[in-house]
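**Q** Sharing a structure below in structure tokens format, with a few things to ask.
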Amino acid sequence: RPGLRPPAVAQQAMARRQRLREGAVCGDLDIQGEEVGDVVGRISACGIDDAVRLDSVAGLGLTQKVLMNCRTAKALKTWIDIGVKPAFGGDDRVVGLKVAAHYACRTRNNQPGRRISEHGKGNAIDISGFVLESGKLMTVLKDYTGKGPLRQARRAACGPFATVLGPGSDRFHRDHFHLDTANYRRGPYCK
């Protein structure tokens with residue numbers, strides 16, 4: 001039988017769990033950040049109810065603090081757990097996500113006259129790269145070839161997210177993965 005942990009080790013573990021509890025949002029220890037409350041947009045169709053600002057999700061750091069709703073934060077966690085970590089499961093594990101965009105009160109693709117983007121509702125995040133343990137940054141623009149870990153991660157996003165766009169979708173998404181939790185009657189739209 002293993003012996004009891006030394007008291008110092010047990011205290012460190014308890015302190016770590018307490019820090020996680022204090023930073024947990026959306027009722028999940030793996031989603032770390034702060035509760036923000038309601039965010040009102042400059043356009044009436046924009047805004048987020050019960051917004052959160054995230055620092056890390058499922059143990060992966062984010063290159064910038066991300067503002068979104070809990071439904072999208074939970075989808076991000078699911079995607080990281082079932083798609084991103086397994087895709088980069090070799091010797092050089094993924095430790096962070098390079099965030100290109102999150103909440104912004106704007107129209108789709110910043111085009112005049114278009115509908116409000118899911119970014120303007122706290123339902124979307126754009127990921128442009130993956131930070132590896134070695135310090136290397138794999139970017140969608142330079143490293144996406146339609147195979148390998150980036151392709152595997154992109155394919156796994158369809159399901160946790162309702163919309164998945166990236167290279168080949170259109171000219172607006174050639175350098176990042178757009179992931180959102182919009183509700184569609186016909187199911188996920190992954191292109």
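Just remember, in the structure tokens the first chain shown is A, the second B, etc., residues are 1-based per chain, and ligands are 1-based in the order shown.
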Report the closest atom pair, with its distance in Å rounded to one decimal, for each residue of stretch 13-100 of chain A that has an atom no farther than 10 Å from stretch 167-179 of chain A; count only C-alpha atoms, sort by chain and then rising residue number, and write it as CSV.

**A**
residue,atom,partner,partner_atom,distance
A:Thr72,CA,A:Leu179,CA,9.0
A:Ala75,CA,A:Leu179,CA,9.3
A:Leu76,CA,A:Leu179,CA,8.6
A:Lys98,CA,A:His176,CA,9.6
A:Val99,CA,A:His176,CA,9.0
A:Ala100,CA,A:His176,CA,7.3

**Q** May I have the residues from that selection written out with C-alpha atoms, as a short mmCIF file (atom, residue, chain, number, x, y, z; two decimals), in the first residue's frame?

**A**
data_model
loop_
_atom_site.label_atom_id
_atom_site.label_comp_id
_atom_site.auth_asym_id
_atom_site.auth_seq_id
_atom_site.Cartn_x
_atom_site.Cartn_y
_atom_site.Cartn_z
CA THR A 72 -19.58 28.62 -25.97
CA ALA A 75 -18.18 23.84 -26.26
CA LEU A 76 -14.58 25.09 -26.33
CA LYS A 98 -3.72 31.60 -30.25
CA VAL A 99 -6.97 33.55 -30.25
CA ALA A 100 -7.60 35.73 -33.30
#

**Q** Return as number ranges by chain the full set of residues in chain A whose backbone-based DSSP assignment is helix (DSSP H, G or I).

**A** A: 7-23, 70-87, 108-110, 118-121, 140-143, 149-157, 171-173

**Q** Which residue, A:Ala73, A:Val36, A:Ala58, A:Ala10, has the smallest gap to A:Ile125 when you use only C-alpha atoms?

**A**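 The closest residue to A:Ile125 is A:Ala73.
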
**Q** With only C-alpha atoms as the atoms that count, which of A:Gly47, A:Gly96, A:Gly90, A:Gly61 lies nearest to A:Leu137?

**A** A:Gly96

**Q** Enumerate the residues of stretch 50-84 of chain A with a DSSP assignment of strand (DSSP E), computed from the backbone, and present them as a compact mmCIF listing (two decimals) with C-alpha atoms, in the first residue's frame.

**A**
# COMPACT_ATOMS: atom_id res chain seq x y z
CA ASP A 50 -24.03 36.34 -18.10
CA ALA A 51 -20.71 36.77 -19.92
CA VAL A 52 -17.43 35.29 -18.73
CA ARG A 53 -13.85 36.35 -19.48
CA LEU A 54 -11.61 33.29 -19.87
CA ASP A 55 -7.88 32.87 -19.18
CA SER A 56 -7.61 29.14 -19.82
CA VAL A 57 -9.77 26.19 -20.78
CA LEU A 60 -4.68 25.31 -22.20
CA GLY A 61 -3.76 28.96 -21.91
CA LEU A 62 -5.34 31.51 -24.21
CA THR A 63 -3.13 34.17 -25.82
CA GLN A 64 -5.66 36.81 -24.82
CA LYS A 65 -8.57 36.98 -22.40
CA VAL A 66 -11.71 35.85 -24.18
CA LEU A 67 -15.22 37.23 -23.63
CA MET A 68 -18.08 34.80 -24.36

**Q** Which residues are close to A:Pro188, i.e. within 12 Å by only C-alpha atoms, leaving aside same-chain residues fewer than 2 positions away? Reply as a PDB file with N, CA and C atoms, in the first residue's frame.

**A**
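And here's out-v5.pdb as it stands now:
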ATOM      1  N   ARG A 155     -11.762  19.000 -37.720  1.00  0.00           N
ATOM      2  CA  ARG A 155     -12.864  18.047 -37.895  1.00  0.00           C
ATOM      3  C   ARG A 155     -13.567  17.749 -36.580  1.00  0.00           C
ATOM      4  N   ALA A 157     -14.073  19.731 -34.199  1.00  0.00           N
ATOM      5  CA  ALA A 157     -14.854  20.887 -33.739  1.00  0.00           C
ATOM      6  C   ALA A 157     -16.309  20.798 -34.176  1.00  0.00           C
ATOM      7  N   CYS A 158     -16.567  20.050 -35.249  1.00  0.00           N
ATOM      8  CA  CYS A 158     -17.934  19.910 -35.748  1.00  0.00           C
ATOM      9  C   CYS A 158     -18.691  18.958 -34.828  1.00  0.00           C
ATOM     10  N   GLY A 159     -19.615  19.504 -34.110  1.00  0.00           N
ATOM     11  CA  GLY A 159     -20.354  18.749 -33.094  1.00  0.00           C
ATOM     12  C   GLY A 159     -20.409  19.574 -31.828  1.00  0.00           C
ATOM     13  N   PRO A 160     -19.258  19.782 -31.181  1.00  0.00           N
ATOM     14  CA  PRO A 160     -19.290  20.718 -30.059  1.00  0.00           C
ATOM     15  C   PRO A 160     -19.712  22.126 -30.516  1.00  0.00           C
ATOM     16  N   PHE A 161     -19.310  22.483 -31.731  1.00  0.00           N
ATOM     17  CA  PHE A 161     -19.690  23.782 -32.300  1.00  0.00           C
ATOM     18  C   PHE A 161     -20.673  23.566 -33.447  1.00  0.00           C
ATOM     19  N   ALA A 162     -21.578  24.515 -33.616  1.00  0.00           N
ATOM     20  CA  ALA A 162     -22.588  24.424 -34.675  1.00  0.00           C
ATOM     21  C   ALA A 162     -22.042  24.896 -36.016  1.00  0.00           C
ATOM     22  N   THR A 163     -21.077  25.792 -35.987  1.00  0.00           N
ATOM     23  CA  THR A 163     -20.456  26.294 -37.207  1.00  0.00           C
ATOM     24  C   THR A 163     -18.954  26.156 -37.076  1.00  0.00           C
ATOM     25  N   VAL A 164     -18.336  25.576 -38.083  1.00  0.00           N
ATOM     26  CA  VAL A 164     -16.881  25.457 -38.139  1.00  0.00           C
ATOM     27  C   VAL A 164     -16.452  25.885 -39.535  1.00  0.00           C
ATOM     28  N   LEU A 165     -15.695  26.960 -39.614  1.00  0.00           N
ATOM     29  CA  LEU A 165     -15.178  27.459 -40.890  1.00  0.00           C
ATOM     30  C   LEU A 165     -13.668  27.577 -40.779  1.00  0.00           C
ATOM     31  N   LEU A 179     -15.274  29.207 -34.926  1.00  0.00           N
ATOM     32  CA  LEU A 179     -16.072  28.223 -34.205  1.00  0.00           C
ATOM     33  C   LEU A 179     -17.197  28.962 -33.489  1.00  0.00           C
ATOM     34  N   ASP A 180     -18.449  28.547 -33.730  1.00  0.00           N
ATOM     35  CA  ASP A 180     -19.535  29.194 -32.994  1.00  0.00           C
ATOM     36  C   ASP A 180     -20.627  28.213 -32.615  1.00  0.00           C
ATOM     37  N   THR A 181     -21.459  28.649 -31.684  1.00  0.00           N
ATOM     38  CA  THR A 181     -22.526  27.816 -31.133  1.00  0.00           C
ATOM     39  C   THR A 181     -23.907  28.321 -31.547  1.00  0.00           C
ATOM     40  N   ALA A 182     -24.013  28.898 -32.729  1.00  0.00           N
ATOM     41  CA  ALA A 182     -25.320  29.370 -33.221  1.00  0.00           C
ATOM     42  C   ALA A 182     -26.281  28.187 -33.325  1.00  0.00           C
ATOM     43  N   ASN A 183     -27.541  28.472 -33.169  1.00  0.00           N
ATOM     44  CA  ASN A 183     -28.561  27.423 -33.295  1.00  0.00           C
ATOM     45  C   ASN A 183     -29.059  27.359 -34.729  1.00  0.00           C
ATOM     46  N   TYR A 184     -28.898  26.193 -35.358  1.00  0.00           N
ATOM     47  CA  TYR A 184     -29.395  25.989 -36.709  1.00  0.00           C
ATOM     48  C   TYR A 184     -30.411  24.851 -36.698  1.00  0.00           C
ATOM     49  N   ARG A 185     -31.476  25.025 -37.411  1.00  0.00           N
ATOM     50  CA  ARG A 185     -32.516  23.986 -37.465  1.00  0.00           C
ATOM     51  C   ARG A 185     -32.029  22.734 -38.166  1.00  0.00           C
ATOM     52  N   ARG A 186     -31.137  22.889 -39.101  1.00  0.00           N
ATOM     53  CA  ARG A 186     -30.681  21.749 -39.912  1.00  0.00           C
ATOM     54  C   ARG A 186     -29.459  21.046 -39.325  1.00  0.00           C
ATOM     55  N   CYS A 190     -20.470  22.747 -41.078  1.00  0.00           N
ATOM     56  CA  CYS A 190     -19.010  22.616 -41.011  1.00  0.00           C
ATOM     57  C   CYS A 190     -18.477  22.568 -42.433  1.00  0.00           C
ATOM     58  N   LYS A 191     -17.714  23.599 -42.788  1.00  0.00           N
ATOM     59  CA  LYS A 191     -17.227  23.704 -44.175  1.00  0.00           C
ATOM     60  C   LYS A 191     -15.745  23.984 -44.189  1.00  0.00           C
TER      61      LYS A 191
END

**Q** Using only C-alpha atoms, which residues sit within 6 Å of A:Ala104 once same-chain residues fewer than 2 positions away are excluded, as a ChimeraX atom specification?

**A** /A:106,119-120

**Q** Would you work out the distance separating atom CA of A:Lys136 from atom CA of A:Val94, expressed in Å to one decimal?

**A**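 Distance reported for this atom pair: 9.5 Å.
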
**Q** Kindly indicate which residue among A:Arg42, A:Arg93, A:Lys85, A:Lys74 lies nearest to A:Ala124, using only C-alpha atoms for the distances.

**A**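 Closest residue, counting only C-alpha atoms: A:Lys74.
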
**Q** Name the residues in contact with A:Arg108 at a cut-off of 8 Å, using only C-alpha atoms, excluding same-chain residues fewer than 5 positions from it; report them as a PyMOL selection string.

**A** chain A and resi 114-118
